Amino acid sequence: MANRKIGTQTVRFENRPYIVGRGNIGGKKEGEGPLSDSFDQILDDDMFGEKSWEKAECKMLEAAMDKAMKRAQLEKDNIDIMLCGDLINQIMTSSFTARDMHIPFLGLYGACSTMTESLVIGSMLVDGGFARSILAGASSHFCTAERQFRMPVEHGNQRPTSAQWTATAAGAVVVSEWPCGITEGMPVVRATEATVGKVIDAGIRDANQMGAAMAPSAVDTLLNHLQDTRRDIDYYDLVVTGDLGYIGKDIMADLLADAGLDKKKIFSHYDDCGTMLYSREQDVHGGGSGCGCSASVFAGKILKDMEQGKYRRVLLMSTGALLSTISPLQGESIPGIAHAIALEVE
Amino acid sequence: MVLQISEERNKEKEKQKKEIGKAYGKYAKQFTPRPKYFSNCVKAFISGGLICMAALAVQNRLEAMGLSQKDAGSFVTIGLIMIAQLLTGLGVFDVIAKYAGAGVIVPITGFANSMVAPAIEYKKEGPVLGVGSKLFTVAGPVLVCGISAATAVGIIYWFIEKF
């Protein structure tokens with residue numbers, strides 16, 4: 001039965017689901033960054049006219065999803081399943097957004113790896129014939145994450161150099177069995193393979209060293225993906241991790257070189273959403289993080305570049321640090337996870 | 001016997017895991033930029049010093065106006081707390097603290113900030129279970145440890161006095 005499985009961890013989609021609609025939204029700081037042109041909407045105020053940060057995040061996720069459906073020229077009734085997740089306890093943002101969306105909902109938690117997780121599962125559902133069209137998305141908000149995982153926002157403290165900045169952003173895409181919303185003859189992005197990652201724990205205990213905590217899992221998933229598909233890293237025009245940040249990106253490149261990959265190829269083909277979303281001058285220390293980081297960069301910049309022909313083949317690998325609010329206090333180390341999905345323009 | 005062996009194996013595994021973690025942490029550190037300790041210390045020294053100088057100037061002035069040293073000190077303390085609270089509410093304190101660091105965190109201004117920040121943050125969860133229960137999330141641990149340490153030192157001091 002499992003005729004789509006190749007190698008140890010990878011699946012090859014027989015029907016190559018179409019990534020048809022995309023939508024993203026960014027906060028004020030994200031709008032001041034180098035990717036400001038790639039956002040469908042940029043907030044003037046991160047409260048988004050709501051009463052709480054959580055409500056603002058819900059509204060952002062909904063806005064991204066609405067935009068994605070609009071681009072795919074689909075109504076809510078045409079979406080079979082909505083898959084999404086976020087960072088807030090009991091994935092509050094996603095569930096509460098789903099409450100208002102009235103679409104059958106599967107909530108996911110993969111920390112910041114959620115965007116790829118939802119894409120992977122969504123593509124499997126569409127490829128397997130279990131759904132015609134699905135919505136995949138993820139969101140994060142600096143203020144909701146900060147108050148849950150760290151300190152109250154107004155608390156005056158100095159962030160360590162390795163600390164990363166949770167992106168106030170959301171991104172969503174529609175995955176469909178048809179190239180709906182795409183004019184004939186225009187390039188269309190399709191999902192070709194997916195690799196589900198293993199949880200890897202390299203023993204980092206510092207919650208301000210997320211990039212370093214996640215890098216080994218990204219390396220593991222990438223190497224397994226390349227082995228399963230019998231490809232080299234330069235098969236892809238871009239291999240992009242979710243939110244390893246500056247430190248994690250350097251570690252990833254170093255570990256990949258150690259594993260025998262060509263250094264030149266690594267530097268010319270590999271990038272990280274966390275280092276793309278902000279510029280160094282924006283005082284984000286280690287770079288961007290959060291579910292919304294890879295979600296908004298993927299649903300904006302990367303898909304746009306693919307449509308415009310800049311990239312033909314992309315491997316998206318969102319990375320997640322699977323810590324909870326209590327696990328570091330109990331002396332637990334921080335395990336990481338990374339999933340990969342291969343996308344091609346046709 | 002079998003149980004003992006598996007227990008030993010577990011311990012061995014645990015030890016190995018810890019060693020890997022340590023080695024990887026060291027490796028990751030190479031990639032992490034070091035904080036600028038010296039310039040941070042200088043900034044903290046100057047900003048903290050300025051705050052204390054200003055406070056002392058006000059206190060001297062109040063004393064010159066006829067207040068006792070104790071009363072003048074209390075007034076100044078209240079003033080510092082009020083300013084820090086106001087700046088926190090206006091969203092400025094965290095910006096100052098980013099540059100001044102310990103210079104504004106160590107004086108009583110830091111304490112005021114650590115109380116007001118959660119008060120603002122948890123307002124949406126209600127006055128009792130929100131603000132009431134979360135008000136001391138930052139200051140609470142410091143108070144508990146500080147008072148415990150003071151008690152321990154006090155007991156030792158009392159014994160030394162006695163004998």
# chains A, B, ... in the order shown; residues from 1 in each chain; ligands from 1
$ interface_residues --of "chain B" --to "chain A" --cutoff "8 Å" --atoms "only C-alpha atoms" --output "PyMOL selection string"
chain B and resi 17-18+20-22+24-25+28+31-35+88-89+91+93-99+101+105+110+113-114+117-118+121+124+138
$ write_last_selection --atoms "C-alpha atoms" --output "PDB file, in the first residue's frame"
ATOM      1  CA  LYS B  17      23.897  12.386  26.567  1.00  0.00           C
ATOM      2  CA  LYS B  18      25.138  14.994  28.989  1.00  0.00           C
ATOM      3  CA  ILE B  20      27.364  15.215  24.011  1.00  0.00           C
ATOM      4  CA  GLY B  21      25.306  18.178  25.145  1.00  0.00           C
ATOM      5  CA  LYS B  22      28.310  19.779  26.771  1.00  0.00           C
ATOM      6  CA  TYR B  24      27.870  20.558  21.365  1.00  0.00           C
ATOM      7  CA  GLY B  25      27.222  23.579  23.603  1.00  0.00           C
ATOM      8  CA  ALA B  28      27.818  26.230  19.334  1.00  0.00           C
ATOM      9  CA  PHE B  31      29.369  30.694  16.492  1.00  0.00           C
ATOM     10  CA  THR B  32      27.807  32.956  19.122  1.00  0.00           C
ATOM     11  CA  PRO B  33      28.969  36.569  19.255  1.00  0.00           C
ATOM     12  CA  ARG B  34      30.204  37.543  22.716  1.00  0.00           C
ATOM     13  CA  PRO B  35      28.308  40.297  24.538  1.00  0.00           C
ATOM     14  CA  THR B  88       7.119  51.651  31.873  1.00  0.00           C
ATOM     15  CA  GLY B  89       3.517  52.588  31.185  1.00  0.00           C
ATOM     16  CA  GLY B  91       6.607  51.987  26.857  1.00  0.00           C
ATOM     17  CA  PHE B  93      11.523  51.992  30.114  1.00  0.00           C
ATOM     18  CA  ASP B  94      12.412  48.842  28.184  1.00  0.00           C
ATOM     19  CA  VAL B  95      14.055  50.961  25.493  1.00  0.00           C
ATOM     20  CA  ILE B  96      16.180  52.761  28.099  1.00  0.00           C
ATOM     21  CA  ALA B  97      16.979  49.472  29.856  1.00  0.00           C
ATOM     22  CA  LYS B  98      18.235  47.977  26.608  1.00  0.00           C
ATOM     23  CA  TYR B  99      21.056  50.523  26.612  1.00  0.00           C
ATOM     24  CA  GLY B 101      21.185  47.678  31.478  1.00  0.00           C
ATOM     25  CA  ILE B 105      17.663  47.664  36.709  1.00  0.00           C
ATOM     26  CA  GLY B 110      14.193  48.177  38.113  1.00  0.00           C
ATOM     27  CA  ASN B 113       9.463  48.218  36.266  1.00  0.00           C
ATOM     28  CA  SER B 114       9.312  44.557  37.210  1.00  0.00           C
ATOM     29  CA  ALA B 117       5.314  45.399  33.345  1.00  0.00           C
ATOM     30  CA  PRO B 118       3.318  42.302  34.419  1.00  0.00           C
ATOM     31  CA  GLU B 121       0.645  42.591  30.502  1.00  0.00           C
ATOM     32  CA  LYS B 124      -6.628  41.342  29.983  1.00  0.00           C
ATOM     33  CA  VAL B 138       9.237  38.886  37.953  1.00  0.00           C
TER      34      VAL B 138
END
$ residues_around --residues "Thr10 in chain A" --least-positions-apart "6" --cutoff "8 Å" --atoms "only C-alpha atoms" --output "list in words"
Glu193, Ala194, Thr195, Val196, His225, Asp228 and Thr229 of chain A
$ residues_around --residues "range 63-73 of chain A" --least-positions-apart "6" --cutoff "12 Å" --atoms "only C-alpha atoms" --output "PyMOL selection string"
chain A and resi 18-26+39-43+48+56-57+79+82-84+94+97-98+100-101+103+133-139+169-183+188+292+295-296+299-300+303
$ write_last_selection --atoms "C-alpha atoms" --output "compact mmCIF listing (two decimals), in the first residue's frame"
# COMPACT_ATOMS: atom_id res chain seq x y z
CA TYR A 18 -0.58 22.30 -6.64
CA ILE A 19 0.32 25.18 -4.33
CA VAL A 20 -2.23 27.58 -5.72
CA GLY A 21 -2.99 30.40 -3.35
CA ARG A 22 -0.71 32.26 -0.99
CA GLY A 23 -1.29 34.97 1.55
CA ASN A 24 0.85 36.58 4.21
CA ILE A 25 0.80 39.43 6.64
CA GLY A 26 3.51 41.04 8.73
CA PHE A 39 3.89 41.09 2.29
CA ASP A 40 0.26 41.31 1.22
CA GLN A 41 -0.45 43.46 4.23
CA ILE A 42 1.71 45.21 6.81
CA LEU A 43 0.31 46.33 10.16
CA PHE A 48 -4.40 45.20 14.70
CA ALA A 56 -4.61 40.30 16.93
CA GLU A 57 -2.75 37.11 16.02
CA ILE A 79 -11.75 24.00 1.31
CA MET A 82 -7.73 23.62 7.29
CA LEU A 83 -4.40 22.66 8.87
CA CYS A 84 -2.57 25.13 10.99
CA SER A 94 -5.37 28.40 15.26
CA THR A 97 -9.37 31.27 13.97
CA ALA A 98 -10.90 27.96 12.89
CA ASP A 100 -14.61 31.77 12.88
CA MET A 101 -13.65 30.14 9.59
CA ILE A 103 -13.80 24.88 7.84
CA SER A 133 -8.19 21.49 -1.51
CA ILE A 134 -6.72 22.27 1.87
CA LEU A 135 -5.55 25.39 3.64
CA ALA A 136 -2.15 25.20 5.33
CA GLY A 137 -0.91 27.99 7.54
CA ALA A 138 0.89 29.11 10.65
CA SER A 139 1.24 32.26 12.69
CA ALA A 169 3.58 37.40 11.00
CA ALA A 170 1.29 34.81 9.48
CA GLY A 171 1.32 32.93 6.22
CA ALA A 172 -1.06 30.53 4.51
CA VAL A 173 -1.30 28.65 1.25
CA VAL A 174 -3.94 26.58 -0.52
CA VAL A 175 -2.87 23.14 -1.67
CA SER A 176 -5.15 21.69 -4.29
CA GLU A 177 -5.52 18.83 -6.75
CA TRP A 178 -6.28 21.43 -9.46
CA PRO A 179 -4.29 24.49 -10.51
CA CYS A 180 -7.25 26.66 -9.52
CA GLY A 181 -6.85 30.41 -9.82
CA ILE A 182 -3.89 30.07 -12.16
CA THR A 183 -4.21 31.25 -15.74
CA VAL A 188 2.61 26.81 -11.16
CA GLY A 292 5.16 33.10 11.27
CA ALA A 295 5.23 30.87 7.00
CA SER A 296 5.30 34.49 5.89
CA ALA A 299 3.99 32.41 1.41
CA GLY A 300 5.52 35.71 0.31
CA LEU A 303 6.61 31.55 -3.71
$ select_by_dssp --residues "range 25-202 of chain A" --states "strand (DSSP E)" --output "VMD selection string"
chain A and resid 25 to 26 41 to 42 81 to 85 105 to 107 133 to 140 165 to 166 169 to 176 189 to 195
$ atom_distance --atom1 "CA of Ser279 in chain A" --atom2 "CA of Met317 in chain A"
21.1 Å
$ residues_around --residues "Met186 in chain A" --least-positions-apart "6" --cutoff "10 Å" --atoms "only C-alpha atoms" --output "PDB file with N, CA and C atoms, in the first residue's frame"
ATOM      1  N   GLU A 307       7.271  31.923  -8.713  1.00  0.00           N
ATOM      2  CA  GLU A 307       6.341  32.296  -9.791  1.00  0.00           C
ATOM      3  C   GLU A 307       7.044  33.140 -10.841  1.00  0.00           C
ATOM      4  N   GLN A 308       7.971  33.979 -10.377  1.00  0.00           N
ATOM      5  CA  GLN A 308       8.652  34.877 -11.316  1.00  0.00           C
ATOM      6  C   GLN A 308       9.857  34.221 -11.996  1.00  0.00           C
ATOM      7  N   VAL A 345       8.576  24.217  -9.884  1.00  0.00           N
ATOM      8  CA  VAL A 345       7.744  25.028 -10.776  1.00  0.00           C
ATOM      9  C   VAL A 345       7.537  24.259 -12.072  1.00  0.00           C
ATOM     10  N   GLU A 346       6.296  24.265 -12.522  1.00  0.00           N
ATOM     11  CA  GLU A 346       6.023  23.595 -13.805  1.00  0.00           C
ATOM     12  C   GLU A 346       5.409  24.568 -14.780  1.00  0.00           C
TER      13      GLU A 346
END
$ select_by_dssp --residues "range 82-162 of chain B" --states "alpha helix (DSSP H)" --output "PyMOL selection string"
chain B and resi 82-89+93-100+102-105+108-121+133-134+139-162
$ write_last_selection --atoms "C-alpha atoms" --output "tab-separated table (two decimals), in the first residue's frame"
chain	number	residue	atom	x	y	z
B	82	MET	CA	6.89	56.83	40.23
B	83	ILE	CA	9.10	57.91	37.34
B	84	ALA	CA	10.02	54.31	36.50
B	85	GLN	CA	6.37	53.26	36.64
B	86	LEU	CA	5.35	56.08	34.37
B	87	LEU	CA	8.11	55.33	31.88
B	88	THR	CA	7.12	51.65	31.87
B	89	GLY	CA	3.52	52.59	31.18
B	93	PHE	CA	11.52	51.99	30.11
B	94	ASP	CA	12.41	48.84	28.18
B	95	VAL	CA	14.06	50.96	25.49
B	96	ILE	CA	16.18	52.76	28.10
B	97	ALA	CA	16.98	49.47	29.86
B	98	LYS	CA	18.24	47.98	26.61
B	99	TYR	CA	21.06	50.52	26.61
B	100	ALA	CA	21.51	51.30	30.30
B	102	ALA	CA	22.00	47.23	35.15
B	103	GLY	CA	22.20	51.02	35.48
B	104	VAL	CA	18.41	51.22	35.62
B	105	ILE	CA	17.66	47.66	36.71
B	108	ILE	CA	14.73	50.76	42.76
B	109	THR	CA	13.65	51.76	39.24
B	110	GLY	CA	14.19	48.18	38.11
B	111	PHE	CA	11.94	46.91	40.88
B	112	ALA	CA	9.20	49.35	39.89
B	113	ASN	CA	9.46	48.22	36.27
B	114	SER	CA	9.31	44.56	37.21
B	115	MET	CA	5.99	45.17	38.97
B	116	VAL	CA	4.33	47.44	36.42
B	117	ALA	CA	5.31	45.40	33.35
B	118	PRO	CA	3.32	42.30	34.42
B	119	ALA	CA	0.49	44.53	35.67
B	120	ILE	CA	0.07	45.94	32.16
B	121	GLU	CA	0.65	42.59	30.50
B	133	SER	CA	-1.78	36.45	40.40
B	134	LYS	CA	0.83	37.57	37.90
B	139	ALA	CA	9.72	40.51	41.36
B	140	GLY	CA	8.37	37.57	43.39
B	141	PRO	CA	11.32	35.18	42.99
B	142	VAL	CA	13.74	38.02	43.79
B	143	LEU	CA	11.78	38.93	46.91
B	144	VAL	CA	11.52	35.33	48.13
B	145	CYS	CA	15.22	34.65	47.65
B	146	GLY	CA	16.22	38.05	49.05
B	147	ILE	CA	14.11	37.70	52.18
B	148	SER	CA	15.26	34.09	52.68
B	149	ALA	CA	18.89	35.14	52.39
B	150	ALA	CA	18.33	38.04	54.78
B	151	THR	CA	16.69	35.71	57.29
B	152	ALA	CA	19.58	33.26	57.12
B	153	VAL	CA	22.14	36.03	57.54
B	154	GLY	CA	20.05	37.50	60.39
B	155	ILE	CA	20.04	34.19	62.28
B	156	ILE	CA	23.82	33.82	61.88
B	157	TYR	CA	24.29	37.41	63.05
B	158	TRP	CA	22.06	36.78	66.07
B	159	PHE	CA	24.13	33.73	67.08
B	160	ILE	CA	27.39	35.64	66.74
B	161	GLU	CA	26.02	38.48	68.87
B	162	LYS	CA	24.79	36.01	71.52
$ residues_around --residues "Leu316 in chain A" --least-positions-apart "2" --cutoff "6 Å" --atoms "only C-alpha atoms" --output "NGL selection string"
:A and (240 or 340-341)
$ residues_around --residues "Leu238 in chain A" --least-positions-apart "6" --cutoff "6 Å" --atoms "only C-alpha atoms" --output "NGL selection string"
:A and (269-270 or 314)
